[in-house]
Structure formats: C-alpha cells, structure tokens
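**Student:** Structure incoming, see below.
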Amino acid sequence: MKKLLLFALMVGMTVCYTSCGSDDDDAEPAGMGNTVVGNTDAQAAHYAIKTNAAPTATTENGQEVSLTGFNVTEYEQAVIEIDVDGAKKYKTYDVTVKDNVYTLYDKNTLVGTVEKVTTHAVSNVELVFKLNVSIEIDGQTVPVQFDGSTAAEETTQTSVSTITSQLTNTWAVERMKLVLEFDDKSKADASTTTQGGDLRPFIDLAKKNGVKINEQDEEDLTRTIESIIIDKGNLFVIKYADGRSDAATWSWTSQKEDSYAIGIKLKDDDMGNKFFNDDSKIAVVFRSGNKINLTMQTRLEDDDCTASLIVNLK
C-alpha cells in the first residue's frame with residue numbers, strides 16, 4: 001500500500017510540475033504527446049546479428065571489437081551496438097534511407113552506409129557495412145572501421161497501439177528538475193531545475209544535501225543529454241552531447257489513464273547514473289504541443305532518500 005501511495009504522489013508531482021512551472025509551456029493542459037509520424041517509419045527495424053557472425057574490426061591498439069546490432073527508428077535515427085570484450089557500447093546517428101541503403105551522419109558529417117540486401121529466408125537479410133565510427137574504450141575515443149557483410153535477423157513493428165505511438169519519438173530535452181525527498185522529516189527536501197539536458201547541477205545538489213556522490217557517479221553525471229529516443233521496437237536511448245549513448249529496452253508497466261508508466265532494462269551494467277537505472281520507476285505524462293514528461297523515481301537506500309528526476313521533453 002505504501003508503494004502505491006508513493007507512486008500516486010510521484011505522478012501528482014509530475015502533473016504539478018507540468019502545470020505549475022514558471023514557463024508558459026508548463027501551463028498547457030494534458031495532451032496527446034507525439035502525434036507526428038516519423039519520416040523513416042516505414043523503414044524502422046531492428047537487426048539482430050549473431051555473435052559468431054558479427055563483423056569485426058581492430059582498433060589502433062590492436063583490440064578486436066564486433067558490431068552486434070543495428071537499429072533504425074521511425075524518427076530518422078540509427079543506433080549501432082558494438083561489443084568490446086563483452087561490454088556493450090552504443091552510438092546514435094542521424095540517418096536517411098534510399099533504395100534500402102541507410103546513410104549515417106554525425107552532426108552533418110558522413111559516417112558511412114549500411115545496405116540491406118533481401119535474401120530468400122523469411123526474416124533474414126544481408127547487411128553490408130561501410131562505416132567509420134568512434135567509440136569510447138577505457139576513457140579514450142577510438143576510431144573503428146567496419147567494412148564487410150553479415151546475415152541479420154530483421155524485426156519490424158508493423159502496428160502499434162495509439163498510446164505507444166504518442167510516446168515514441170526522438171525527444172529533445174526542454175528542461176529537467178531533480179527532487180530529493182529524505183526519510184528524515186527533520187531534514188528539508190531539496191530540488192533544482194536546469195534548462196536543457198545538462199546533468200551537472202544535480203551533482204552540486206546532491207553534495208550540498210549529503211547525498212553520496214562517488215567518482216563514478218560524478219563521471220556519469222558530467223554529461224549533457226542531447227536527446228532521448230523511444231522507438232516502437234521497444235528501444236530506449238539516451239544520446240549525450242559528447243557522442244556517447246546509453247541504451248535500454250522499455251515496456252509499459254501501466255497504461256491506465258492518468259497513471260501511465262514504463263520500465264526499462266539497460267543494455268549494459270555500466271550505463272545509467274545514480275538517478276536513473278533499472279530500478280527506476282518511470283511515470284509518463286502526455287502534454288499538448290507534441291510534448292511529454294518523464295518522472296524517473298529512484299530509491300537511494302544508502303542515502304535514506306528518494307530521488308525524482310523530472311524530464312520535460314519536446
């Protein structure tokens with residue numbers, strides 16, 4: 001019962017933040033979220049590559065890496081998965097599609113192409129990679145070139161529910177708010193708001209209020225979120241301004257009106273941060289004007305505290 005009451009309070013706080021903020025956008029009534037069909041909706045797909053057949057490349061220091069996944073979202077984004085000694089790295093690019101050729105760009109710079117060749121197998125295709133990408137390995141950005149082909153299993157979502165289509169988009173971060181609620185009621189709750197996707201102000205808020213921030217936490221939060229991708233193939237991606245991406249699978253945990261919520265499962269243990277992880281409960285509020293709010297509530301047991309990261313997306 002306590003958990004149900006806590007979740008209800010969380011949703012109420014999200015609605016309040018949407019309607020009671022200082023900006024004009026916050027005065028909008030609840031709406032339908034995203035209502036725009038993506039330009040690459042017809043080409044959106046997930047391509048799974050078997051590990052033993054994955055294209056490989058060798059970095060400058062002689063380390064072998066594998067390209068194990070390729071995704072195209074309905075909103076002109078391509079996400080590649082690279083395996084580095086069992087750890088998953090994700091990179092997100094802008095994409096255009098013509099004649100089964102996906103052309104990838106990083107801020108208007110050509111990265112390369114992925115060509116889809118149809119085979120006789122029902123769900124299998126051949127993917128031909130010609131990519132020059134960069135990934136982070138041990139804190140260093142390393143260039144990697146993939147030039148070859150492989151068989152892949154193609155999965156597409158031909159139809160989704162209306163509520164899912166209103167959630168899926170490549171969302172830009174309008175602003176964020178972190179709220180810290182302490183179990184000790186003699187200790188005042190704390191919050192701070194930041195415009196855009198810069199996570200750094202939350203480090204200071206935590207430290208000033210006695211919430212433990214270790215070296216890894218600080219590294220995870222010394223980033224700026226450029227966009228959040230939620231696609232109809234259940235891919236959830238946080239794209240950072242420095243070129244890195246955290247990826248997860250997502251699913252609905254509640255589709256009841258006024259209490260929409262999703263859960264996520266991160267693709268690798270190194271992803272996420274102190275205020276966003278697999279245990280976070282994520283409430284969804286649909287807004288008018290093709291906007292939504294996500295409230296990511298995370299229990300911090302070591303700090304006797306509950307953190308709610310409210311992200312306004314447009």
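Identifiers for the structure tokens are assigned positionally: chains receive A, B, ... in sequence, residues are indexed from 1 per chain, and ligands are indexed from 1 in the order shown.
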Could you give me, as a list in words, the residues within 6 Å of segment 171-179 of chain A, counting only C-alpha atoms and dropping anything in the same chain fewer than 2 positions from it?

**Tutor:** Asn169, Ala190, Ser191, Thr192, Thr193, Thr194, Gln195, Gly196, Gly197, Ser227, Ile228, Ala307, Ser308, Leu309, Ile310, Val311, Asn312, Leu313 and Lys314 of chain A

**Student:** Please return as a list in words: the residues of segment 46-218 of chain A that backbone DSSP assigns to alpha helix (DSSP H).

**Tutor:**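 DSSP-assigned alpha helix (DSSP H) residues in segment 46-218 of chain A: Thr162, Ile163, Thr164, Ser165, Gln166, Leu167, Pro201, Phe202, Ile203, Asp204, Leu205, Ala206, Lys207, Lys208, Glu215, Gln216, Asp217 and Glu218 of chain A.
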
**Student:** Output N, CA, C and O atoms of each residue in that selection to a file, as a compact mmCIF listing (two decimals), in the first residue's frame.

**Tutor:**
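Heads up, here's the output in result-v1.txt:
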# COMPACT_ATOMS: atom_id res chain seq x y z
N THR A 162 -2.13 3.14 -30.14
CA THR A 162 -2.15 4.60 -30.21
C THR A 162 -1.31 5.22 -29.10
O THR A 162 -0.55 6.16 -29.33
N ILE A 163 -1.40 4.66 -27.90
CA ILE A 163 -0.67 5.23 -26.78
C ILE A 163 0.84 5.07 -26.97
O ILE A 163 1.63 5.95 -26.60
N THR A 164 1.26 3.98 -27.60
CA THR A 164 2.68 3.79 -27.88
C THR A 164 3.17 4.80 -28.92
O THR A 164 4.25 5.38 -28.78
N SER A 165 2.37 5.03 -29.95
CA SER A 165 2.77 5.99 -30.97
C SER A 165 2.88 7.40 -30.40
O SER A 165 3.68 8.21 -30.88
N GLN A 166 2.13 7.70 -29.34
CA GLN A 166 2.20 9.02 -28.72
C GLN A 166 3.43 9.16 -27.82
O GLN A 166 3.84 10.28 -27.50
N LEU A 167 4.01 8.03 -27.43
CA LEU A 167 5.21 8.04 -26.59
C LEU A 167 6.48 8.03 -27.43
O LEU A 167 7.49 8.62 -27.05
N PRO A 201 24.38 20.18 -12.70
CA PRO A 201 23.83 20.83 -11.49
C PRO A 201 23.32 19.84 -10.45
O PRO A 201 23.24 20.18 -9.26
N PHE A 202 23.01 18.63 -10.85
CA PHE A 202 22.50 17.64 -9.91
C PHE A 202 23.61 17.09 -9.02
O PHE A 202 23.34 16.59 -7.92
N ILE A 203 24.85 17.17 -9.48
CA ILE A 203 25.99 16.78 -8.64
C ILE A 203 26.07 17.71 -7.43
O ILE A 203 26.18 17.27 -6.28
N ASP A 204 26.00 19.02 -7.68
CA ASP A 204 26.08 20.00 -6.61
C ASP A 204 24.90 19.86 -5.64
O ASP A 204 25.08 19.95 -4.42
N LEU A 205 23.69 19.65 -6.18
CA LEU A 205 22.53 19.50 -5.31
C LEU A 205 22.71 18.31 -4.37
O LEU A 205 22.43 18.42 -3.17
N ALA A 206 23.17 17.20 -4.92
CA ALA A 206 23.36 16.00 -4.10
C ALA A 206 24.41 16.24 -3.01
O ALA A 206 24.17 15.95 -1.82
N LYS A 207 25.54 16.80 -3.38
CA LYS A 207 26.62 17.01 -2.41
C LYS A 207 26.21 17.97 -1.30
O LYS A 207 26.52 17.76 -0.12
N LYS A 208 25.52 19.05 -1.67
CA LYS A 208 25.11 20.04 -0.67
C LYS A 208 24.10 19.48 0.33
O LYS A 208 23.96 20.03 1.43
N GLU A 215 33.19 8.81 -7.28
CA GLU A 215 33.88 9.22 -8.51
C GLU A 215 33.13 8.76 -9.77
O GLU A 215 33.01 9.51 -10.74
N GLN A 216 32.60 7.52 -9.73
CA GLN A 216 31.85 7.01 -10.88
C GLN A 216 30.55 7.78 -11.07
O GLN A 216 30.16 8.10 -12.20
N ASP A 217 29.86 8.08 -9.96
CA ASP A 217 28.62 8.86 -10.05
C ASP A 217 28.89 10.21 -10.72
O ASP A 217 28.12 10.65 -11.58
N GLU A 218 29.97 10.85 -10.30
CA GLU A 218 30.29 12.17 -10.84
C GLU A 218 30.61 12.08 -12.32
O GLU A 218 30.19 12.93 -13.11

**Student:** Where does segment 152-257 of chain A meet segment 127-142 of chain A within 9 Å, residue by residue, with the nearest atom pair and distance in Å to one decimal for each, counting only C-alpha atoms, listed by chain and rising number, as CSV?

**Tutor:**
residue,atom,partner,partner_atom,distance
A:Ala152,CA,A:Leu127,CA,6.8
A:Gly243,CA,A:Ile135,CA,8.5
A:Arg244,CA,A:Glu136,CA,7.7

**Student:** Generate the output file for the selected residues, all heavy atoms, as a JSON list (two decimals), in the first residue's frame.

**Tutor:**
[["chain", "number", "residue", "atom", "x", "y", "z"],
["A", 152, "ALA", "N", 21.64, -11.04, -40.90],
["A", 152, "ALA", "CA", 20.99, -10.49, -39.72],
["A", 152, "ALA", "C", 19.51, -10.84, -39.74],
["A", 152, "ALA", "O", 18.92, -11.00, -40.81],
["A", 152, "ALA", "CB", 21.16, -8.97, -39.68],
["A", 243, "GLY", "N", 28.64, 12.37, -27.74],
["A", 243, "GLY", "CA", 28.64, 11.29, -28.72],
["A", 243, "GLY", "C", 28.33, 9.92, -28.15],
["A", 243, "GLY", "O", 28.07, 8.98, -28.89],
["A", 244, "ARG", "N", 28.37, 9.79, -26.83],
["A", 244, "ARG", "CA", 28.05, 8.50, -26.21],
["A", 244, "ARG", "C", 26.54, 8.31, -26.13],
["A", 244, "ARG", "O", 25.77, 9.27, -26.18],
["A", 244, "ARG", "CB", 28.67, 8.42, -24.82],
["A", 244, "ARG", "CG", 30.19, 8.35, -24.83],
["A", 244, "ARG", "CD", 30.76, 8.30, -23.43],
["A", 244, "ARG", "NE", 30.67, 9.59, -22.77],
["A", 244, "ARG", "CZ", 31.15, 9.84, -21.54],
["A", 244, "ARG", "NH1", 31.71, 8.86, -20.85],
["A", 244, "ARG", "NH2", 31.04, 11.05, -21.01]]

**Student:** Using DSSP on the backbone coordinates, identify all residues within segment 83-297 of chain A classified as strand (DSSP E or B); present the result as a CSV table (one decimal) with N, CA and C atoms, in the first residue's frame.

**Tutor:**
chain,number,residue,atom,x,y,z
A,83,ASP,N,30.3,-4.6,-29.5
A,83,ASP,CA,30.8,-5.4,-28.4
A,83,ASP,C,32.3,-5.2,-28.2
A,84,VAL,N,32.6,-4.8,-26.9
A,84,VAL,CA,34.1,-4.6,-26.6
A,84,VAL,C,34.3,-5.5,-25.4
A,87,ALA,N,31.4,-6.0,-23.1
A,87,ALA,CA,30.7,-4.8,-22.8
A,87,ALA,C,30.0,-4.2,-24.0
A,88,LYS,N,28.9,-3.7,-23.8
A,88,LYS,CA,28.1,-3.1,-25.0
A,88,LYS,C,28.3,-1.6,-25.0
A,89,LYS,N,28.6,-1.1,-26.2
A,89,LYS,CA,28.8,0.3,-26.5
A,89,LYS,C,27.7,0.7,-27.6
A,90,TYR,N,27.1,1.8,-27.4
A,90,TYR,CA,26.1,2.2,-28.4
A,90,TYR,C,26.4,3.6,-28.9
A,91,LYS,N,26.2,3.8,-30.2
A,91,LYS,CA,26.4,5.0,-30.9
A,91,LYS,C,25.1,5.3,-31.7
A,92,THR,N,24.7,6.6,-31.7
A,92,THR,CA,23.5,7.0,-32.3
A,92,THR,C,23.8,8.1,-33.4
A,93,TYR,N,23.2,7.9,-34.6
A,93,TYR,CA,23.5,8.8,-35.7
A,93,TYR,C,22.1,9.2,-36.4
A,94,ASP,N,22.2,10.3,-37.0
A,94,ASP,CA,21.1,10.7,-37.9
A,94,ASP,C,21.2,9.8,-39.1
A,95,VAL,N,20.0,9.5,-39.7
A,95,VAL,CA,20.0,8.5,-40.9
A,95,VAL,C,19.0,9.0,-41.9
A,96,THR,N,19.4,8.8,-43.2
A,96,THR,CA,18.5,8.9,-44.3
A,96,THR,C,18.4,7.5,-45.0
A,97,VAL,N,17.3,7.3,-45.7
A,97,VAL,CA,17.1,6.0,-46.3
A,97,VAL,C,16.7,6.2,-47.8
A,98,LYS,N,17.4,5.4,-48.7
A,98,LYS,CA,17.0,5.4,-50.1
A,98,LYS,C,17.4,4.1,-50.7
A,101,VAL,N,19.3,1.6,-48.7
A,101,VAL,CA,20.7,2.0,-48.2
A,101,VAL,C,20.4,3.0,-47.1
A,102,TYR,N,21.0,2.7,-45.9
A,102,TYR,CA,20.9,3.7,-44.8
A,102,TYR,C,22.2,4.5,-44.8
A,103,THR,N,22.1,5.8,-44.9
A,103,THR,CA,23.3,6.6,-44.8
A,103,THR,C,23.3,7.3,-43.5
A,104,LEU,N,24.4,7.2,-42.7
A,104,LEU,CA,24.5,7.7,-41.4
A,104,LEU,C,25.4,8.9,-41.3
A,105,TYR,N,24.9,9.9,-40.5
A,105,TYR,CA,25.6,11.1,-40.3
A,105,TYR,C,25.8,11.4,-38.8
A,106,ASP,N,26.9,12.1,-38.5
A,106,ASP,CA,27.2,12.6,-37.1
A,106,ASP,C,27.3,14.1,-37.2
A,109,THR,N,28.2,15.2,-40.6
A,109,THR,CA,29.4,14.6,-41.1
A,109,THR,C,29.1,13.1,-41.5
A,110,LEU,N,29.4,12.8,-42.7
A,110,LEU,CA,29.1,11.4,-43.2
A,110,LEU,C,29.9,10.4,-42.4
A,111,VAL,N,29.2,9.4,-41.9
A,111,VAL,CA,29.8,8.3,-41.1
A,111,VAL,C,30.0,7.1,-42.0
A,112,GLY,N,29.0,6.8,-42.9
A,112,GLY,CA,29.1,5.7,-43.8
A,112,GLY,C,27.7,5.2,-44.1
A,113,THR,N,27.6,4.0,-44.7
A,113,THR,CA,26.4,3.4,-45.1
A,113,THR,C,26.2,2.0,-44.6
A,114,VAL,N,24.9,1.6,-44.5
A,114,VAL,CA,24.6,0.2,-44.3
A,114,VAL,C,23.5,-0.2,-45.3
A,115,GLU,N,23.8,-1.2,-46.1
A,115,GLU,CA,22.9,-1.6,-47.2
A,115,GLU,C,22.2,-2.9,-46.8
A,116,LYS,N,20.9,-2.9,-47.0
A,116,LYS,CA,20.1,-4.1,-46.7
A,116,LYS,C,19.9,-4.8,-48.0
A,117,VAL,N,20.3,-6.1,-48.0
A,117,VAL,CA,20.1,-7.0,-49.2
A,117,VAL,C,19.1,-8.1,-48.8
A,118,THR,N,18.0,-8.1,-49.5
A,118,THR,CA,17.0,-9.2,-49.2
A,118,THR,C,17.5,-10.5,-49.6
A,124,ASN,N,15.4,-13.1,-42.6
A,124,ASN,CA,16.9,-12.8,-42.6
A,124,ASN,C,17.2,-11.9,-43.8
A,125,VAL,N,18.1,-11.0,-43.6
A,125,VAL,CA,18.6,-10.2,-44.6
A,125,VAL,C,20.2,-10.2,-44.5
A,126,GLU,N,20.8,-9.6,-45.6
A,126,GLU,CA,22.2,-9.4,-45.5
A,126,GLU,C,22.5,-7.9,-45.3
A,127,LEU,N,23.3,-7.6,-44.4
A,127,LEU,CA,23.7,-6.2,-44.2
A,127,LEU,C,25.1,-6.0,-44.6
A,128,VAL,N,25.3,-4.9,-45.4
A,128,VAL,CA,26.7,-4.6,-45.9
A,128,VAL,C,27.1,-3.3,-45.3
A,129,PHE,N,28.1,-3.4,-44.4
A,129,PHE,CA,28.6,-2.2,-43.6
A,129,PHE,C,29.8,-1.5,-44.3
A,130,LYS,N,29.7,-0.2,-44.4
A,130,LYS,CA,30.8,0.6,-44.7
A,130,LYS,C,30.8,1.8,-43.8
A,131,LEU,N,31.3,1.6,-42.6
A,131,LEU,CA,31.2,2.6,-41.5
A,131,LEU,C,32.6,3.0,-41.0
A,132,ASN,N,32.7,4.3,-40.7
A,132,ASN,CA,33.9,4.8,-39.9
A,132,ASN,C,33.3,5.5,-38.7
A,133,VAL,N,33.4,4.8,-37.6
A,133,VAL,CA,32.8,5.3,-36.3
A,133,VAL,C,33.9,5.5,-35.3
A,134,SER,N,33.5,6.0,-34.1
A,134,SER,CA,34.4,6.1,-33.0
A,134,SER,C,33.7,5.7,-31.8
A,135,ILE,N,34.4,5.0,-30.9
A,135,ILE,CA,33.8,4.5,-29.6
A,135,ILE,C,34.7,4.8,-28.5
A,136,GLU,N,34.1,4.8,-27.3
A,136,GLU,CA,35.0,5.1,-26.1
A,136,GLU,C,35.4,3.8,-25.5
A,137,ILE,N,36.7,3.6,-25.3
A,137,ILE,CA,37.3,2.4,-24.7
A,137,ILE,C,38.3,2.9,-23.7
A,140,GLN,N,39.1,6.6,-23.6
A,140,GLN,CA,39.6,7.2,-24.8
A,140,GLN,C,38.7,7.0,-26.0
A,141,THR,N,38.6,8.0,-26.8
A,141,THR,CA,37.8,7.9,-28.1
A,141,THR,C,38.6,7.2,-29.1
A,142,VAL,N,38.2,6.1,-29.7
A,142,VAL,CA,39.0,5.3,-30.6
A,142,VAL,C,38.2,5.2,-31.9
A,143,PRO,N,38.9,5.5,-33.0
A,143,PRO,CA,38.2,5.3,-34.3
A,143,PRO,C,38.2,3.8,-34.7
A,144,VAL,N,37.1,3.4,-35.3
A,144,VAL,CA,36.9,2.0,-35.7
A,144,VAL,C,36.2,2.0,-37.1
A,145,GLN,N,36.7,1.1,-38.0
A,145,GLN,CA,36.2,1.0,-39.3
A,145,GLN,C,35.6,-0.4,-39.5
A,146,PHE,N,34.3,-0.5,-39.9
A,146,PHE,CA,33.7,-1.7,-40.3
A,146,PHE,C,33.4,-1.7,-41.8
A,147,ASP,N,33.9,-2.8,-42.4
A,147,ASP,CA,33.8,-2.9,-43.9
A,147,ASP,C,33.6,-4.3,-44.2
A,148,GLY,N,32.4,-4.7,-44.3
A,148,GLY,CA,32.1,-6.1,-44.6
A,148,GLY,C,30.6,-6.4,-44.5
A,149,SER,N,30.2,-7.7,-44.7
A,149,SER,CA,28.8,-8.0,-44.7
A,149,SER,C,28.5,-9.2,-43.7
A,150,THR,N,27.2,-9.3,-43.3
A,150,THR,CA,26.8,-10.4,-42.4
A,150,THR,C,25.3,-10.6,-42.6
A,151,ALA,N,24.9,-11.8,-42.2
A,151,ALA,CA,23.4,-12.1,-42.1
A,151,ALA,C,22.9,-11.5,-40.8
A,152,ALA,N,21.6,-11.0,-40.9
A,152,ALA,CA,21.0,-10.5,-39.7
A,152,ALA,C,19.5,-10.8,-39.7
A,153,GLU,N,18.9,-11.0,-38.6
A,153,GLU,CA,17.5,-11.2,-38.4
A,153,GLU,C,16.8,-9.9,-38.3
A,154,GLU,N,15.9,-9.6,-39.2
A,154,GLU,CA,15.2,-8.3,-39.2
A,154,GLU,C,13.8,-8.5,-38.5
A,155,THR,N,13.6,-7.5,-37.5
A,155,THR,CA,12.3,-7.5,-36.8
A,155,THR,C,11.7,-6.1,-37.0
A,169,ASN,N,9.3,8.8,-30.1
A,169,ASN,CA,9.8,10.0,-30.8
A,169,ASN,C,11.3,10.1,-30.5
A,170,THR,N,12.0,11.0,-31.2
A,170,THR,CA,13.3,11.4,-30.8
A,170,THR,C,13.0,12.8,-30.1
A,171,TRP,N,13.1,12.7,-28.8
A,171,TRP,CA,12.7,13.8,-28.0
A,171,TRP,C,13.9,14.7,-27.6
A,172,ALA,N,13.7,16.0,-27.7
A,172,ALA,CA,14.7,17.0,-27.2
A,172,ALA,C,14.4,17.3,-25.8
A,173,VAL,N,15.4,17.6,-25.0
A,173,VAL,CA,15.2,17.9,-23.6
A,173,VAL,C,14.9,19.4,-23.4
A,174,GLU,N,13.7,19.7,-22.9
A,174,GLU,CA,13.3,21.1,-22.7
A,174,GLU,C,13.9,21.6,-21.4
A,175,ARG,N,13.8,20.9,-20.3
A,175,ARG,CA,14.4,21.2,-19.0
A,175,ARG,C,14.3,20.0,-18.1
A,176,MET,N,15.0,20.0,-17.0
A,176,MET,CA,14.9,18.9,-16.1
A,176,MET,C,14.9,19.5,-14.6
A,177,LYS,N,14.3,18.7,-13.7
A,177,LYS,CA,14.2,19.0,-12.3
A,177,LYS,C,14.6,17.8,-11.5
A,178,LEU,N,15.4,17.9,-10.5
A,178,LEU,CA,15.7,16.8,-9.6
A,178,LEU,C,15.2,17.2,-8.2
A,179,VAL,N,14.4,16.3,-7.7
A,179,VAL,CA,13.8,16.5,-6.3
A,179,VAL,C,14.3,15.4,-5.4
A,180,LEU,N,14.9,15.7,-4.3
A,180,LEU,CA,15.4,14.8,-3.3
A,180,LEU,C,14.5,14.8,-2.1
A,181,GLU,N,13.8,13.7,-1.7
A,181,GLU,CA,12.9,13.6,-0.6
A,181,GLU,C,13.5,12.7,0.4
A,182,PHE,N,13.8,13.2,1.6
A,182,PHE,CA,14.5,12.5,2.7
A,182,PHE,C,13.6,11.8,3.6
A,190,ALA,N,15.0,18.8,-1.1
A,190,ALA,CA,15.7,19.8,-1.9
A,190,ALA,C,15.4,19.5,-3.4
A,191,SER,N,15.6,20.6,-4.2
A,191,SER,CA,15.4,20.4,-5.6
A,191,SER,C,16.2,21.5,-6.4
A,192,THR,N,16.4,21.2,-7.6
A,192,THR,CA,17.0,22.2,-8.5
A,192,THR,C,16.5,22.0,-9.9
A,193,THR,N,16.4,23.0,-10.7
A,193,THR,CA,15.9,22.9,-12.1
A,193,THR,C,17.0,23.4,-13.0
A,194,THR,N,17.1,22.7,-14.2
A,194,THR,CA,18.1,23.2,-15.2
A,194,THR,C,17.5,23.2,-16.6
A,195,GLN,N,17.8,24.2,-17.3
A,195,GLN,CA,17.3,24.3,-18.7
A,195,GLN,C,18.1,23.3,-19.6
A,198,ASP,N,21.7,19.4,-19.3
A,198,ASP,CA,22.9,19.3,-18.5
A,198,ASP,C,22.7,18.7,-17.1
A,224,THR,N,25.8,16.0,-20.8
A,224,THR,CA,24.6,16.7,-21.2
A,224,THR,C,23.8,15.8,-22.1
A,225,ILE,N,22.5,15.6,-21.8
A,225,ILE,CA,21.6,14.8,-22.6
A,225,ILE,C,21.2,15.6,-23.8
A,226,GLU,N,21.5,15.1,-25.0
A,226,GLU,CA,21.2,15.8,-26.2
A,226,GLU,C,19.7,15.4,-26.6
A,227,SER,N,19.4,14.1,-26.5
A,227,SER,CA,18.0,13.7,-26.9
A,227,SER,C,17.7,12.4,-26.2
A,228,ILE,N,16.5,12.0,-26.1
A,228,ILE,CA,16.0,10.7,-25.7
A,228,ILE,C,15.2,10.1,-26.8
A,229,ILE,N,15.6,8.9,-27.2
A,229,ILE,CA,14.9,8.2,-28.3
A,229,ILE,C,14.0,7.1,-27.6
A,230,ILE,N,12.8,7.1,-27.9
A,230,ILE,CA,11.9,6.0,-27.5
A,230,ILE,C,11.2,5.5,-28.8
A,235,LEU,N,13.0,0.2,-28.0
A,235,LEU,CA,14.4,0.7,-27.8
A,235,LEU,C,14.3,2.0,-27.1
A,236,PHE,N,15.0,2.2,-26.0
A,236,PHE,CA,15.1,3.5,-25.3
A,236,PHE,C,16.6,3.9,-25.3
A,237,VAL,N,16.9,5.1,-25.8
A,237,VAL,CA,18.3,5.5,-25.9
A,237,VAL,C,18.4,6.9,-25.4
A,238,ILE,N,19.4,7.1,-24.5
A,238,ILE,CA,19.8,8.5,-24.1
A,238,ILE,C,21.0,8.8,-24.9
A,239,LYS,N,20.9,9.8,-25.7
A,239,LYS,CA,22.0,10.3,-26.5
A,239,LYS,C,22.6,11.5,-25.9
A,240,TYR,N,24.0,11.4,-25.6
A,240,TYR,CA,24.6,12.5,-24.9
A,240,TYR,C,25.4,13.4,-26.0
A,245,SER,N,26.1,7.1,-26.0
A,245,SER,CA,24.7,6.7,-25.8
A,245,SER,C,24.6,5.7,-24.7
A,246,ASP,N,23.5,5.8,-23.9
A,246,ASP,CA,23.1,4.7,-23.1
A,246,ASP,C,21.8,4.1,-23.7
A,247,ALA,N,21.7,2.8,-23.7
A,247,ALA,CA,20.6,2.1,-24.4
A,247,ALA,C,19.9,1.1,-23.5
A,248,ALA,N,18.6,0.9,-23.7
A,248,ALA,CA,17.8,0.0,-22.9
A,248,ALA,C,16.6,-0.5,-23.7
A,249,THR,N,16.0,-1.5,-23.2
A,249,THR,CA,14.7,-1.9,-23.7
A,249,THR,C,13.7,-1.3,-22.8
A,250,TRP,N,12.5,-1.0,-23.3
A,250,TRP,CA,11.5,-0.4,-22.5
A,250,TRP,C,10.2,-1.2,-22.7
A,251,SER,N,9.3,-1.1,-21.7
A,251,SER,CA,8.0,-1.7,-21.9
A,251,SER,C,7.0,-1.0,-21.0
A,252,TRP,N,5.7,-1.1,-21.3
A,252,TRP,CA,4.7,-0.5,-20.5
A,252,TRP,C,4.5,-1.2,-19.2
A,253,THR,N,4.5,-0.5,-18.0
A,253,THR,CA,4.1,-1.2,-16.8
A,253,THR,C,2.7,-0.7,-16.3
A,254,SER,N,2.2,0.4,-16.9
A,254,SER,CA,0.8,0.8,-16.7
A,254,SER,C,0.4,1.6,-17.9
A,261,ALA,N,2.9,4.5,-17.2
A,261,ALA,CA,4.3,4.3,-16.6
A,261,ALA,C,5.0,3.2,-17.5
A,262,ILE,N,6.3,3.3,-17.6
A,262,ILE,CA,7.1,2.4,-18.3
A,262,ILE,C,8.3,1.9,-17.4
A,263,GLY,N,8.8,0.8,-17.7
A,263,GLY,CA,10.0,0.3,-17.1
A,263,GLY,C,11.1,0.1,-18.1
A,264,ILE,N,12.4,0.1,-17.7
A,264,ILE,CA,13.5,-0.1,-18.6
A,264,ILE,C,14.5,-1.2,-18.1
A,265,LYS,N,15.2,-1.7,-19.1
A,265,LYS,CA,16.3,-2.7,-18.7
A,265,LYS,C,17.5,-2.2,-19.5
A,266,LEU,N,18.5,-1.7,-18.9
A,266,LEU,CA,19.7,-1.2,-19.5
A,266,LEU,C,20.5,-2.3,-20.2
A,273,ASN,N,22.9,6.2,-14.4
A,273,ASN,CA,23.6,7.0,-13.4
A,273,ASN,C,22.9,6.9,-12.1
A,276,PHE,N,19.1,7.3,-12.4
A,276,PHE,CA,18.4,6.6,-13.5
A,276,PHE,C,19.1,5.3,-13.7
A,281,LYS,N,11.5,3.8,-11.4
A,281,LYS,CA,10.1,3.8,-11.9
A,281,LYS,C,9.8,5.0,-12.7
A,282,ILE,N,9.3,4.9,-13.9
A,282,ILE,CA,9.2,6.0,-14.8
A,282,ILE,C,7.7,6.3,-15.1
A,283,ALA,N,7.2,7.4,-14.6
A,283,ALA,CA,5.9,7.8,-14.9
A,283,ALA,C,5.9,8.7,-16.1
A,284,VAL,N,4.8,8.6,-16.9
A,284,VAL,CA,4.7,9.3,-18.2
A,284,VAL,C,3.5,10.2,-18.1
A,285,VAL,N,3.7,11.5,-18.5
A,285,VAL,CA,2.6,12.4,-18.6
A,285,VAL,C,2.6,13.0,-20.0
A,286,PHE,N,1.5,12.8,-20.7
A,286,PHE,CA,1.4,13.4,-22.1
A,286,PHE,C,1.0,14.8,-22.0
A,287,ARG,N,1.6,15.7,-22.8
A,287,ARG,CA,1.3,17.1,-22.8
A,287,ARG,C,0.8,17.5,-24.2
A,291,LYS,N,4.5,17.1,-26.7
A,291,LYS,CA,5.4,17.1,-25.6
A,291,LYS,C,5.0,16.0,-24.6
A,292,ILE,N,6.0,15.6,-23.8
A,292,ILE,CA,5.7,14.7,-22.7
A,292,ILE,C,6.6,15.0,-21.5
A,293,ASN,N,6.3,14.5,-20.4
A,293,ASN,CA,7.1,14.5,-19.2
A,293,ASN,C,7.4,13.0,-18.8
A,294,LEU,N,8.7,12.8,-18.4
A,294,LEU,CA,9.1,11.5,-17.8
A,294,LEU,C,9.5,11.9,-16.3
A,295,THR,N,9.0,11.2,-15.4
A,295,THR,CA,9.5,11.3,-14.0
A,295,THR,C,10.1,10.0,-13.6
A,296,MET,N,11.5,10.0,-13.4
A,296,MET,CA,12.2,8.8,-13.1
A,296,MET,C,12.5,8.8,-11.6
A,297,GLN,N,11.8,8.0,-10.9
A,297,GLN,CA,11.9,7.9,-9.5
A,297,GLN,C,12.8,6.8,-9.1

**Student:** Quote the spacing between atom CA of Thr58 of chain A and atom CA of Asp270 of chain A in Å to one decimal place.

**Tutor:**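 Separation of atom CA of Thr58 of chain A and atom CA of Asp270 of chain A: 22.5 Å.
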
**Student:** Counting only C-alpha atoms, which of A:Asp99, A:Asn61, A:Arg200, A:Asp183 gets nearest to Glu301 of chain A?

**Tutor:** A:Asp183

**Student:** As an exercise, work out the distance from atom CA of Phe70 of chain A to atom CA of Ser280 of chain A in Å and give it to one decimal place.

**Tutor:**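 For atom CA of Phe70 of chain A relative to atom CA of Ser280 of chain A, the distance reads 26.2 Å.
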
**Student:** With distances taken over only C-alpha atoms, which residue among A:Ile82, A:Ser159, A:Lys50, A:Gly69 lies nearest Gly233 of chain A?

**Tutor:**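 Answer, going by the shortest atom-to-atom distance: A:Ser159.
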